[in-house]
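Data file: work30.txt. Format and content: compact mmCIF, C-alpha atoms and all ligand atoms.
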# COMPACT_ATOMS: atom_id res chain seq x y z
CA MET O 30 103.82 79.49 139.57
CA GLU O 31 102.85 80.43 143.10
CA THR O 32 99.13 80.53 143.76
CA ASN O 33 97.09 82.10 146.53
CA PHE O 34 93.63 80.60 146.35
CA SER O 35 91.84 80.48 149.68
CA LYS O 36 90.54 77.20 151.14
CA GLU O 37 87.04 78.41 150.41
CA GLN O 38 87.89 79.09 146.75
CA LEU O 39 89.43 75.65 146.39
CA LYS O 40 86.13 74.04 147.35
CA ASP O 41 85.10 74.97 143.82
CA GLN O 42 86.20 72.03 141.63
CA ASP O 43 87.10 74.24 138.67
CA ASN O 44 89.34 76.44 140.81
CA LYS O 45 90.87 73.33 142.30
CA SER O 46 91.76 71.89 138.87
CA SER O 47 93.04 75.21 137.55
CA GLU O 48 95.18 75.80 140.64
CA LYS O 49 96.99 72.51 139.98
CA ILE O 50 97.66 73.61 136.40
CA PHE O 51 98.89 77.11 137.41
CA ARG O 52 101.36 75.47 139.78
CA LYS O 53 102.94 73.56 136.91
CA CYS O 54 103.82 76.73 135.00
CA VAL O 55 107.41 77.87 135.57
CA HIS O 56 107.07 81.17 133.61
CA CYS O 57 109.74 80.06 131.14
CA GLY O 58 107.91 81.61 128.18
CA PHE O 59 108.89 78.87 125.73
CA CYS O 60 105.23 78.74 124.74
CA ASN O 61 105.32 82.32 123.48
CA ALA O 62 107.69 81.28 120.70
CA THR O 63 105.07 79.08 119.05
CA CYS O 64 101.97 81.13 119.79
CA PRO O 65 100.48 82.56 116.58
CA THR O 66 98.92 85.61 118.25
CA TYR O 67 102.11 86.45 120.15
CA GLN O 68 104.05 86.19 116.90
CA LEU O 69 101.65 88.51 115.11
CA LEU O 70 100.91 91.04 117.86
CA GLY O 71 104.12 90.93 119.94
CA ASP O 72 102.29 91.71 123.19
CA GLU O 73 103.04 89.52 126.24
CA LEU O 74 99.32 89.51 127.02
CA ASP O 75 98.61 88.03 123.59
CA GLY O 76 100.79 85.04 124.37
CA PRO O 77 100.00 82.00 126.54
CA ARG O 78 102.12 83.04 129.52
CA GLY O 79 100.46 86.46 129.70
CA ARG O 80 97.00 84.94 129.31
CA ILE O 81 97.73 82.46 132.08
CA TYR O 82 98.56 85.39 134.37
CA LEU O 83 95.37 87.19 133.38
CA ILE O 84 93.23 84.12 134.08
CA LYS O 85 94.99 83.41 137.37
CA ASP O 86 94.58 86.99 138.56
CA MET O 87 90.90 86.98 137.66
CA LEU O 88 90.14 83.67 139.36
CA GLU O 89 92.38 84.01 142.39
CA ASN O 90 91.11 87.47 143.26
CA ASN O 91 87.57 86.59 142.38
CA LYS O 92 87.45 89.51 139.96
CA PRO O 93 84.86 90.00 137.29
CA ALA O 94 86.43 90.11 133.82
CA ASN O 95 87.14 93.54 132.39
CA GLU O 96 87.59 94.88 128.88
CA LYS O 97 91.36 94.37 128.87
CA ILE O 98 91.19 90.73 129.97
CA VAL O 99 88.41 89.98 127.51
CA LYS O 100 90.36 91.52 124.62
CA HIS O 101 93.40 89.29 125.16
CA ILE O 102 91.48 86.13 126.01
CA ASP O 103 89.18 86.59 123.00
CA ARG O 104 92.23 86.85 120.77
CA CYS O 105 93.39 83.37 121.81
CA LEU O 106 92.69 80.87 119.03
CA SER O 107 92.52 77.85 121.36
CA CYS O 108 94.96 76.30 118.92
CA TYR O 109 96.95 74.69 121.78
CA SER O 110 100.28 75.13 120.04
CA CYS O 111 101.49 76.33 123.45
CA MET O 112 100.60 72.96 125.01
CA THR O 113 102.73 71.09 122.49
CA THR O 114 105.66 73.39 123.28
CA CYS O 115 105.34 73.60 127.06
CA PRO O 116 108.04 71.49 128.75
CA SER O 117 106.12 71.44 132.05
CA GLY O 118 102.90 69.88 130.78
CA VAL O 119 100.67 72.89 131.51
CA ASN O 120 97.15 72.08 130.32
CA TYR O 121 96.38 75.47 128.82
CA MET O 122 93.18 74.13 127.25
CA HIS O 123 91.56 73.64 130.64
CA LEU O 124 92.72 77.06 131.84
CA ILE O 125 91.40 78.96 128.84
CA ASP O 126 88.09 77.06 129.03
CA HIS O 127 87.78 78.01 132.68
CA GLY O 128 88.76 81.62 131.91
CA ARG O 129 86.20 81.89 129.12
CA SER O 130 83.44 80.49 131.24
CA HIS O 131 84.30 83.01 134.02
CA ILE O 132 84.20 85.84 131.45
CA GLU O 133 80.81 84.72 130.22
CA LYS O 134 79.47 84.74 133.79
CA THR O 135 80.98 88.05 134.92
CA TYR O 136 81.36 90.34 131.91
CA LYS O 137 78.66 92.26 130.09
CA ARG O 138 79.67 92.45 126.46
CA PRO O 139 78.62 95.40 124.31
CA PHE O 140 75.31 94.77 122.55
CA PHE O 141 76.72 94.14 119.05
CA GLU O 142 79.30 91.62 120.29
CA LYS O 143 76.71 89.85 122.39
CA PHE O 144 74.35 89.71 119.46
CA ILE O 145 76.99 88.23 117.11
CA ARG O 146 78.03 85.59 119.63
CA GLY O 147 74.43 84.70 120.34
CA PHE O 148 73.69 84.51 116.63
CA LEU O 149 76.66 82.19 115.99
CA SER O 150 75.62 79.96 118.88
CA PHE O 151 72.20 79.64 117.29
CA ALA O 152 73.28 79.35 113.66
CA LEU O 153 76.24 77.00 113.85
CA THR O 154 75.17 74.40 116.35
CA LYS O 155 72.19 72.89 114.58
CA SER O 156 72.35 71.74 111.00
CA THR O 157 68.76 72.84 110.30
CA ASN O 158 69.41 76.35 111.68
CA PHE O 159 72.58 76.60 109.63
CA ARG O 160 70.82 75.51 106.45
CA ILE O 161 67.89 77.93 106.91
CA ILE O 162 70.16 80.86 107.74
CA SER O 163 72.42 80.11 104.78
CA ILE O 164 69.41 80.17 102.46
CA LEU O 165 68.24 83.51 103.92
CA VAL O 166 71.76 84.96 103.71
CA ARG O 167 71.94 84.02 100.04
CA GLY O 168 69.31 86.69 99.37
CA ILE O 169 71.31 89.47 101.03
CA LYS O 170 74.73 88.55 99.62
CA PRO O 171 74.51 91.15 96.80
CA ILE O 172 73.98 93.95 99.36
CA SER O 173 76.44 92.66 101.94
CA PHE O 174 78.62 95.78 101.41
CA LEU O 175 75.98 97.74 103.33
CA PHE O 176 76.70 95.83 106.56
CA PRO O 177 79.43 96.38 109.20
CA LYS O 178 82.71 94.55 108.41
CA LYS O 179 82.11 91.69 110.82
CA ILE O 180 78.68 90.89 109.40
CA LYS O 181 79.92 91.37 105.82
CA ASN O 182 82.66 88.87 106.55
CA MET O 183 80.19 86.38 108.03
CA ILE O 184 77.94 86.72 104.99
CA SER O 185 80.88 86.05 102.67
CA LEU O 186 81.73 82.86 104.55
CA MET O 187 78.21 81.42 104.41
CA PRO O 188 77.81 78.78 101.69
CA ILE O 189 75.84 79.61 98.52
CA LYS O 190 75.22 76.05 97.44
CA PHE O 191 74.78 72.83 99.33
CA PRO O 192 76.39 69.81 97.70
CA LYS O 193 74.04 66.95 96.84
CA LYS O 194 74.07 64.02 99.22
CA ASN O 195 74.80 60.62 97.70
CA LEU O 196 73.99 58.42 100.67
CA PRO O 197 70.53 58.17 102.24
CA ASN O 198 70.07 59.33 105.84
CA LEU O 199 70.17 56.12 107.84
CA VAL O 200 70.71 55.38 111.48
CA VAL O 201 72.68 52.22 110.77
CA TYR O 202 74.90 51.72 107.72
CA LYS O 203 75.31 47.98 107.51
CA VAL O 204 78.15 46.02 106.02
CA GLU O 205 77.26 44.30 102.73
CA LYS O 206 75.82 40.82 103.33
CA LYS O 207 78.66 39.00 101.56
CA LYS O 208 81.24 40.71 103.79
CA LYS O 209 82.08 39.74 107.35
CA LYS O 210 81.20 42.37 109.95
CA VAL O 211 84.31 42.94 112.08
CA ALA O 212 83.37 45.96 114.18
CA ARG O 213 80.63 48.48 114.95
CA VAL O 214 81.29 52.18 115.45
CA ALA O 215 79.29 55.39 115.91
CA LEU O 216 80.06 58.37 113.69
CA LEU O 217 79.70 62.01 114.71
CA THR O 218 78.60 63.65 111.47
CA GLY O 219 79.00 67.25 112.69
CA CYS O 220 76.46 70.08 112.55
CA VAL O 221 78.07 72.26 109.87
CA GLN O 222 80.09 69.58 108.11
CA LYS O 223 77.11 67.47 107.12
CA VAL O 224 75.51 70.49 105.46
CA ILE O 225 78.45 71.98 103.58
CA SER O 226 80.56 68.88 102.91
CA PRO O 227 78.40 65.74 103.12
CA GLN O 228 80.97 63.92 100.99
CA ILE O 229 83.29 63.68 104.02
CA ASN O 230 80.83 61.64 106.04
CA GLU O 231 79.92 59.63 102.96
CA ALA O 232 83.57 58.77 102.30
CA THR O 233 83.96 57.78 105.97
CA ILE O 234 80.90 55.52 105.94
CA ARG O 235 81.77 53.89 102.59
CA LEU O 236 85.35 53.28 103.66
CA LEU O 237 84.38 51.75 106.99
CA ASN O 238 81.59 49.62 105.50
CA ARG O 239 83.94 48.40 102.76
CA HIS O 240 86.31 47.16 105.45
CA GLY O 241 83.61 45.30 107.39
CA ILE O 242 82.72 48.01 109.92
CA GLU O 243 79.10 48.84 110.66
CA VAL O 244 78.44 52.53 111.22
CA VAL O 245 75.71 53.95 113.42
CA VAL O 246 74.68 57.62 113.26
CA PRO O 247 72.32 58.15 116.22
CA LYS O 248 69.38 60.32 115.19
CA ASN O 249 69.47 62.95 117.91
CA ILE O 250 73.16 63.75 117.83
CA ASP O 251 73.82 66.83 115.75
CA CYS O 252 76.47 69.01 117.37
CA CYS O 253 79.29 67.99 119.75
CA GLY O 254 78.90 71.28 121.65
CA SER O 255 82.43 72.55 121.11
CA LEU O 256 81.55 75.78 119.29
CA VAL O 257 79.56 77.16 122.21
CA HIS O 258 81.96 75.60 124.72
CA HIS O 259 84.78 77.69 123.23
CA LEU O 260 82.62 80.79 123.48
CA GLY O 261 82.50 80.13 127.24
CA LYS O 262 78.77 79.33 127.07
CA SER O 263 78.73 76.33 129.39
CA ASP O 264 74.98 76.76 129.94
CA LEU O 265 74.48 75.91 126.25
CA ALA O 266 77.35 73.45 125.83
CA ASN O 267 76.76 71.25 128.87
CA PRO O 268 73.20 70.11 127.97
CA THR O 269 74.48 69.16 124.50
CA PHE O 270 77.40 67.26 126.01
CA LYS O 271 75.05 65.45 128.40
CA LYS O 272 72.59 64.52 125.68
CA ASN O 273 75.37 63.11 123.49
CA ILE O 274 76.96 61.17 126.33
CA LEU O 275 73.66 59.53 127.27
CA ILE O 276 72.75 58.62 123.67
CA TRP O 277 76.14 57.13 122.86
CA TYR O 278 76.44 55.37 126.21
CA ASN O 279 73.03 53.83 125.75
CA GLU O 280 74.02 52.64 122.28
CA TYR O 281 77.25 51.25 123.69
CA LEU O 282 75.37 49.28 126.36
CA LYS O 283 72.51 48.10 124.15
CA ASN O 284 74.12 47.25 120.83
CA GLY O 285 77.85 47.59 121.44
CA LEU O 286 80.27 50.17 120.07
CA ASP O 287 83.93 49.57 119.39
CA ALA O 288 84.62 53.27 118.90
CA ILE O 289 83.07 56.68 118.38
CA ILE O 290 84.56 58.12 115.23
CA SER O 291 85.17 61.79 114.73
CA ASN O 292 86.22 63.03 111.31
CA THR O 293 86.34 66.67 112.43
CA SER O 294 89.32 67.09 114.71
CA GLY O 295 87.88 70.18 116.40
CA CYS O 296 84.94 68.09 117.61
CA GLY O 297 87.13 65.08 118.41
CA THR O 298 89.24 67.14 120.81
CA THR O 299 86.14 68.14 122.76
CA LEU O 300 84.71 64.60 122.81
CA LYS O 301 88.00 63.38 124.23
CA ASP O 302 87.60 65.99 126.98
CA TYR O 303 84.04 65.03 128.02
CA GLY O 304 85.58 62.86 130.77
CA PHE O 305 87.36 65.88 132.26
CA ILE O 306 84.39 68.21 131.87
CA PHE O 307 82.15 65.87 133.88
CA ARG O 308 84.82 64.62 136.28
CA THR O 309 82.87 65.76 139.32
CA ASP O 310 79.36 64.87 138.12
CA LYS O 311 78.50 61.75 140.05
CA ASP O 312 75.81 60.62 137.58
CA LEU O 313 77.77 61.27 134.43
CA LYS O 314 81.45 60.94 135.17
CA LYS O 315 81.75 57.23 134.43
CA LYS O 316 79.73 57.54 131.22
CA ALA O 317 81.56 60.66 130.06
CA LYS O 318 84.91 58.98 130.68
CA LYS O 319 83.81 55.98 128.63
CA ILE O 320 82.72 58.20 125.74
CA SER O 321 86.08 59.98 125.78
CA GLU O 322 87.91 56.65 125.81
CA LEU O 323 85.86 55.37 122.89
CA THR O 324 86.48 58.49 120.78
CA LYS O 325 88.98 58.13 117.96
CA ASP O 326 89.84 60.37 115.11
CA ILE O 327 89.12 58.52 111.86
CA SER O 328 92.84 58.47 110.98
CA GLU O 329 93.70 57.05 114.38
CA TYR O 330 91.01 54.39 114.10
CA LEU O 331 92.09 53.33 110.61
CA ASP O 332 95.72 53.18 111.66
CA GLU O 333 95.05 51.07 114.75
CA ASN O 334 92.26 48.81 113.58
CA VAL O 335 91.90 48.51 109.83
CA LYS O 336 93.98 46.72 107.23
CA LEU O 337 93.26 48.93 104.25
CA ASN O 338 92.69 47.27 100.87
CA PHE O 339 94.11 49.63 98.29
CA VAL O 340 93.03 49.36 94.66
CA ASN O 341 94.68 50.30 91.40
CA ASN O 342 92.92 52.17 88.63
CA LYS O 343 93.85 54.81 86.10
CA ASP O 344 93.42 57.69 88.57
CA THR O 345 95.03 56.06 91.56
CA ASN O 346 98.05 54.99 89.51
CA LYS O 347 99.10 58.61 89.09
CA GLU O 348 101.47 60.08 91.65
CA TYR O 349 100.31 63.32 93.23
CA LYS O 350 102.14 65.86 95.32
CA ILE O 351 100.09 66.48 98.45
CA ALA O 352 100.63 69.08 101.18
CA TYR O 353 99.35 67.90 104.54
CA HIS O 354 97.86 70.64 106.72
CA SER O 355 97.88 69.47 110.32
CA ALA O 356 94.83 71.03 111.99
CA CYS O 357 95.68 72.50 115.41
CA SER O 358 92.98 70.45 117.07
CA MET O 359 94.59 67.36 115.54
CA GLN O 360 98.29 68.00 116.16
CA HIS O 361 98.08 70.03 119.38
CA GLY O 362 94.64 69.06 120.72
CA GLN O 363 94.93 65.32 120.12
CA ASN O 364 98.64 64.88 119.52
CA ILE O 365 98.04 63.23 116.16
CA HIS O 366 100.30 64.37 113.38
CA LYS O 367 102.26 61.62 111.64
CA VAL O 368 99.39 59.10 111.60
CA PRO O 369 97.27 60.81 108.89
CA MET O 370 100.39 61.62 106.86
CA ASN O 371 101.51 57.99 106.98
CA LEU O 372 98.05 56.82 105.96
CA ILE O 373 98.15 59.08 102.91
CA LYS O 374 101.69 57.92 102.11
CA LYS O 375 100.33 54.36 101.88
CA THR O 376 98.44 55.48 98.76
CA GLY O 377 101.82 55.85 97.02
CA ASN O 378 101.67 59.64 96.77
CA GLN O 379 104.23 62.18 97.90
CA VAL O 380 103.12 63.85 101.12
CA PHE O 381 104.75 66.99 102.47
CA ASP O 382 104.61 68.87 105.73
CA ILE O 383 103.89 72.59 105.35
CA PRO O 384 106.57 75.02 106.59
CA GLU O 385 105.57 76.53 109.96
CA GLY O 386 102.94 73.81 110.06
CA HIS O 387 102.50 74.21 113.82
CA LEU O 388 100.80 77.59 113.28
CA CYS O 389 97.03 77.95 112.96
CA CYS O 390 95.32 78.82 109.64
CA GLY O 391 93.01 81.22 111.48
CA SER O 392 89.87 79.11 111.32
CA ALA O 393 89.65 78.02 114.98
CA GLY O 394 85.90 77.44 115.33
CA THR O 395 84.25 80.85 115.18
CA TYR O 396 87.55 82.75 115.35
CA ASN O 397 87.61 83.68 111.65
CA LEU O 398 84.19 85.26 112.16
CA LEU O 399 84.92 87.04 115.43
CA GLN O 400 88.56 88.08 114.96
CA ASN O 401 88.71 88.42 111.22
CA ASP O 402 91.75 90.74 111.04
CA ILE O 403 94.02 88.28 112.85
CA ALA O 404 92.43 85.32 111.06
CA GLU O 405 93.07 86.92 107.66
CA LYS O 406 96.77 87.41 108.46
CA LEU O 407 97.10 83.82 109.63
CA LEU O 408 95.37 82.59 106.49
CA LYS O 409 97.68 84.64 104.28
CA ASN O 410 100.74 83.18 106.03
CA LYS O 411 99.33 79.67 105.83
CA VAL O 412 98.61 79.92 102.10
CA SER O 413 102.04 81.35 101.39
CA ASN O 414 103.62 78.43 103.26
CA ILE O 415 101.45 75.93 101.42
CA GLU O 416 102.46 77.44 98.08
CA LYS O 417 106.14 76.93 98.95
CA VAL O 418 105.51 73.18 98.79
CA LYS O 419 103.89 73.52 95.32
CA PRO O 420 101.32 70.79 95.94
CA GLN O 421 98.67 69.61 93.49
CA PHE O 422 96.26 69.44 96.38
CA ILE O 423 96.05 69.81 100.17
CA ALA O 424 94.82 67.25 102.68
CA THR O 425 93.63 67.90 106.21
CA GLY O 426 91.33 66.43 108.84
CA ASN O 427 89.11 69.31 109.92
CA ILE O 428 86.20 70.98 108.13
CA GLY O 429 86.97 74.41 109.65
CA CYS O 430 90.46 74.39 108.11
CA ILE O 431 89.09 73.18 104.78
CA THR O 432 86.65 76.10 104.61
CA GLN O 433 89.19 78.66 105.78
CA ILE O 434 92.05 77.58 103.50
CA ALA O 435 89.73 77.21 100.49
CA ASN O 436 88.98 80.92 100.94
CA GLY O 437 92.63 81.80 100.45
CA THR O 438 93.82 79.60 97.61
CA LYS O 439 92.71 77.91 94.41
CA ILE O 440 94.71 74.76 95.24
CA PRO O 441 92.09 72.07 95.90
CA ILE O 442 91.72 71.00 99.53
CA LEU O 443 90.00 67.90 100.85
CA HIS O 444 89.70 65.65 103.87
CA THR O 445 92.24 62.85 104.42
CA VAL O 446 89.42 60.30 104.57
CA GLU O 447 88.28 61.24 101.05
CA ILE O 448 91.73 60.27 99.74
CA ILE O 449 91.77 56.95 101.60
CA ASP O 450 88.23 56.16 100.44
CA TRP O 451 89.20 56.92 96.84
CA TYR O 452 92.31 54.73 96.96
CA THR O 453 90.37 51.83 98.45
CA GLY O 454 87.63 51.78 95.84
CA GLY O 455 85.56 54.93 96.40
CA PRO O 456 84.90 57.62 93.79
CA LYS O 457 87.48 60.24 92.88
CA PRO O 458 86.77 63.27 95.12
CA ARG O 459 84.81 66.01 93.37
CA VAL O 460 87.38 68.76 94.09
CA LEU O 461 90.04 66.77 92.23
CA LYS O 462 88.05 66.19 89.05
CA SER O 463 90.30 68.53 87.05
CA LEU O 464 93.54 66.73 88.03
S1 LIG O 501 96.04 78.40 122.37
FE1 LIG O 501 97.20 79.17 120.59
S2 LIG O 501 96.67 81.36 120.47
FE2 LIG O 501 96.05 80.65 122.51
S3 LIG O 501 97.79 81.10 123.81
FE3 LIG O 501 98.06 78.97 123.12
S4 LIG O 501 99.33 79.11 121.29
FE4 LIG O 501 98.55 81.18 121.70
S1 LIG O 502 106.00 76.97 128.36
FE1 LIG O 502 104.66 76.08 129.92
S2 LIG O 502 105.76 76.44 131.84
FE2 LIG O 502 106.69 77.81 130.32
S3 LIG O 502 105.50 79.74 130.55
FE3 LIG O 502 104.51 78.57 128.93
S4 LIG O 502 102.90 77.44 130.02
FE4 LIG O 502 104.34 78.16 131.59
Is it possible to give me this structure as structure tokens?
Amino acid sequence: METNFSKEQLKDQDNKSSEKIFRKCVHCGFCNATCPTYQLLGDELDGPRGRIYLIKDMLENNKPANEKIVKHIDRCLSCYSCMTTCPSGVNYMHLIDHGRSHIEKTYKRPFFEKFIRGFLSFALTKSTNFRIISILVRGIKPISFLFPKKIKNMISLMPIKFPKKNLPNLVVYKVEKKKKKVARVALLTGCVQKVISPQINEATIRLLNRHGIEVVVPKNIDCCGSLVHHLGKSDLANPTFKKNILIWYNEYLKNGLDAIISNTSGCGTTLKDYGFIFRTDKDLKKKAKKISELTKDISEYLDENVKLNFVNNKDTNKEYKIAYHSACSMQHGQNIHKVPMNLIKKTGNQVFDIPEGHLCCGSAGTYNLLQNDIAEKLLKNKVSNIEKVKPQFIATGNIGCITQIANGTKIPILHTVEIIDWYTGGPKPRVLKSL
């Protein structure tokens, strides 16, 4: 794609990076074929190629965003299916991030939209905020029909109950004395995940400890910053990124870390991008790069580093039919697809891909809250495709997908790590008790 940035504009490092990406695009439009919003809406501007043009035009001509641009960019899921398809290696993720940040700086959203986005940035990025708001929302659930559709939808998605935690809150989860410690990792426990599904972190910690891996959960790390980053709010995201980088880097230097484990692929994708985000920050770039290099999805880490000890008992001797939902942030954001499926296959169960598995379930961070009409259609399609496989349960590696899909089907859904923990000596996951 031809670009016309001036020399002055290219002094800006973000423009400079984006210009390189624009130049890789050859307008072929292959990406449109696998874009969920293009498939649903059929508008060129709701596909990756059209969005790339919109972003380029806005940046190159130094234009403030307008209503039309915002509409089409907001409808992008950041699912990155287009990146997997693109034959020219266009890094759409960096373009859309740049575009969103430009929108946030140059566009004045209508009051209601601004309020909702501000509210989500406050509520979903700190576990204590999320817990308090969920408790307050519980009181207004019975009268939620009185609110506008968007708010009603948000209220319906807020949890009513918080599952009981079974592990104490510790900073370091040590390996049992009689076992040999073979590695030490940090775990990102996630701001929303640890409140609504603490069993995922517990399964991760138990599984790692059982295999000789010490787990550290640094006290002041709550959110990875990706939710606000994807809203274009770099003024909120960057301080969180910086704080996390410094805490983990300090831990790495002081006590040693073999990896930083993410068990939420949405967060993992952002952690792996910290190095790019701070590429021009002379104080942070080396540290950020190191953090990105250390980051591994739990499935990736287990596959590369751990010889799993599977156990046999009356539950694990049964053979289950499992549908594997590949989260977009996992398959497109981190290029990890077969690894979690192969891990689950090692448990002796049947594991199936879902038809049209490259398409998003509609969760996409805050997307199901902000673009609920499109998200509902995507969920409906996803559930119908899952049902074609006729699974007894569904496995995936991202809390957002778990919450979204659980809203559309009665088939139990759980995290891959809960299955591996169970088959290596952990408890049977709660959602499978009836099987
Ligand atoms: S990230 Fe997903 S929704 Fe956005 S343009 Fe790419 S394929 Fe389409
Ligand atoms: S597939 Fe890649 S090169 Fe082709 S239009 Fe899409 S982004 Fe551009």
Next on the checklist: For a quick check of understanding, using all atoms listed in the file, which of O:Ser117, O:Lys223, O:Arg104, O:Lys40 has the smallest distance to ligand LIG 502 (chain O)?
Outcome noted: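 Closest residue, counting all atoms listed in the file: O:Ser117.
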Checklist entry - At what distance in Å, to one decimal, does CA of Cys430 (chain O) lie from CA of His366 (chain O)? => result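 Taking CA of His366 (chain O) as the start and CA of Cys430 (chain O) as the end point, the length is 15.0 Å.
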Checklist entry - At what distance in Å, to one decimal, does CA of Tyr121 (chain O) lie from CA of Leu88 (chain O)? => result 14.7 Å
Next on the checklist: Using only C-alpha atoms for the distances, tell me which of O:Trp277, O:Phe159, O:Tyr67, O:Tyr82 is nearest to Leu124 (chain O).
Outcome noted: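 Answer, going by the shortest atom-to-atom distance: O:Tyr82.
Around ligand LIG 501 (chain O), the neighbouring residues within 6 Å, taking only C-alpha atoms and all ligand atoms, come to O:Cys64, O:Pro65, O:Thr66, O:Gly76, O:Pro77, O:Cys105, O:Leu106, O:Ser107, O:Cys108, O:Tyr109, O:Ser110, O:Cys111.
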Checklist entry - Which residue, O:Ile81, O:Ala352, O:Val211, O:Val412, has the smallest gap to Lys439 (chain O) when you use all atoms listed in the file? => result O:Val412
Next on the checklist: Could you list, as a list in words, all residues that come within 8 Å of ligand LIG 502 (chain O)? Count all atoms listed in the file.
Outcome noted: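 The residues within 8 Å of ligand LIG 502 (chain O), counting all atoms listed in the file, are Lys53, Cys54, Val55, His56, Cys57, Gly58, Phe59, Cys60, Asn61, Pro77, Arg78, Ile81, Cys111, Met112, Thr114, Cys115, Pro116, Ser117, Gly118, Val119, Asn120 and Tyr121 of chain O.
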Could you put an axis-aligned box around every listed atom of region 30-47 of chain O, padded by 8 Å on each side, and send me its centre and edge lengths in Å to one decimal, as lines of an AutoDock Vina configuration file?
center_x = 94.5
center_y = 77.0
center_z = 144.3
size_x = 34.7
size_y = 26.2
size_z = 29.6
Item to check | Which of O:Ile276, O:Val224, O:Ala152, O:Leu165 sits closest to Val257 (chain O) [using only C-alpha atoms] | outcome: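 Checking each of O:Ile276, O:Val224, O:Ala152, O:Leu165 against Val257 (chain O), counting only C-alpha atoms, the winner is O:Ala152.
Here the residues that fall within 12 Å of (101.4, 84.8, 106.9), using all atoms listed in the file, are given as O:Pro65, O:Thr66, O:Gln68, O:Leu69, O:Pro384, O:Glu385, O:Gly386, O:Leu388, O:Cys389, O:Cys390, O:Gly391, O:Ile403, O:Ala404, O:Glu405, O:Lys406, O:Leu407, O:Leu408, O:Lys409, O:Asn410, O:Lys411, O:Val412, O:Ser413, O:Asn414, O:Ile415, O:Glu416, O:Gly437.
Those residues that approach Val214 (chain O) to within 6 Å, counting only C-alpha atoms, are Val244, Leu286, Asp287, Ala288 and Ile289 of chain O; same-chain residues fewer than 3 positions away are not listed.
Using all atoms listed in the file, the nearest neighbour of Leu196 (chain O) within the list O:Cys252, O:Ile234, O:Leu216, O:Ile434 is O:Ile234.
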Item to check | Nearest-residue call for His258 (chain O), choices O:Leu83, O:Ala232, O:Ile161, O:Ile125, using only C-alpha atoms | outcome: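 Among the listed residues, O:Ile125 lies closest to His258 (chain O).
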Checklist entry - To one decimal place, how far is CA of Thr154 (chain O) from CA of Ser294 (chain O) in Å? => result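 These atoms are spaced 16.0 Å apart.
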Next on the checklist: Would you pick out the contacts of Glu231 (chain O) at 10 Å or less, using all atoms listed in the file, so that residues sharing its chain but fewer than 6 positions from it are not included, and give the list as a list in words?
Outcome noted: Lys194, Asn195, Leu196, Pro197, Thr218, Lys223, Leu237, Val446, Glu447, Asp450 and Gly455 of chain O
Could I get the residues of region 78-115 of chain O with an atom no further than 9 Å from an atom of region 136-143 of chain O, each paired with its nearest atom pair and that distance in Å to one decimal, using all atoms listed in the file, sorted by chain and residue number, as a tab-separated table?
residue	atom	partner	partner_atom	distance
O:Pro93	CA	O:Tyr136	CA	6.4
O:Ala94	CA	O:Tyr136	CA	5.4
O:Asn95	CA	O:Tyr136	CA	6.6
O:Glu96	CA	O:Tyr136	CA	8.3
O:Val99	CA	O:Tyr136	CA	8.3
Kindly provide, as a PDB file with C-alpha atoms, keeping the file's coordinate frame, the polymer residues lying within 9 Å of (73.2, 76.3, 121.8), counting all atoms listed in the file and using the coordinates exactly as they appear in the file.
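For reference, part32.pdb as written:
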ATOM      1  CA  GLY O 147      74.430  84.700 120.340  1.00  0.00           C
ATOM      2  CA  LEU O 149      76.660  82.190 115.990  1.00  0.00           C
ATOM      3  CA  SER O 150      75.620  79.960 118.880  1.00  0.00           C
ATOM      4  CA  PHE O 151      72.200  79.640 117.290  1.00  0.00           C
ATOM      5  CA  ALA O 152      73.280  79.350 113.660  1.00  0.00           C
ATOM      6  CA  LEU O 153      76.240  77.000 113.850  1.00  0.00           C
ATOM      7  CA  THR O 154      75.170  74.400 116.350  1.00  0.00           C
ATOM      8  CA  LYS O 155      72.190  72.890 114.580  1.00  0.00           C
ATOM      9  CA  GLY O 254      78.900  71.280 121.650  1.00  0.00           C
ATOM     10  CA  LEU O 256      81.550  75.780 119.290  1.00  0.00           C
ATOM     11  CA  VAL O 257      79.560  77.160 122.210  1.00  0.00           C
ATOM     12  CA  LYS O 262      78.770  79.330 127.070  1.00  0.00           C
ATOM     13  CA  ASP O 264      74.980  76.760 129.940  1.00  0.00           C
ATOM     14  CA  LEU O 265      74.480  75.910 126.250  1.00  0.00           C
ATOM     15  CA  ALA O 266      77.350  73.450 125.830  1.00  0.00           C
ATOM     16  CA  PRO O 268      73.200  70.110 127.970  1.00  0.00           C
ATOM     17  CA  THR O 269      74.480  69.160 124.500  1.00  0.00           C
TER      18      THR O 269
END
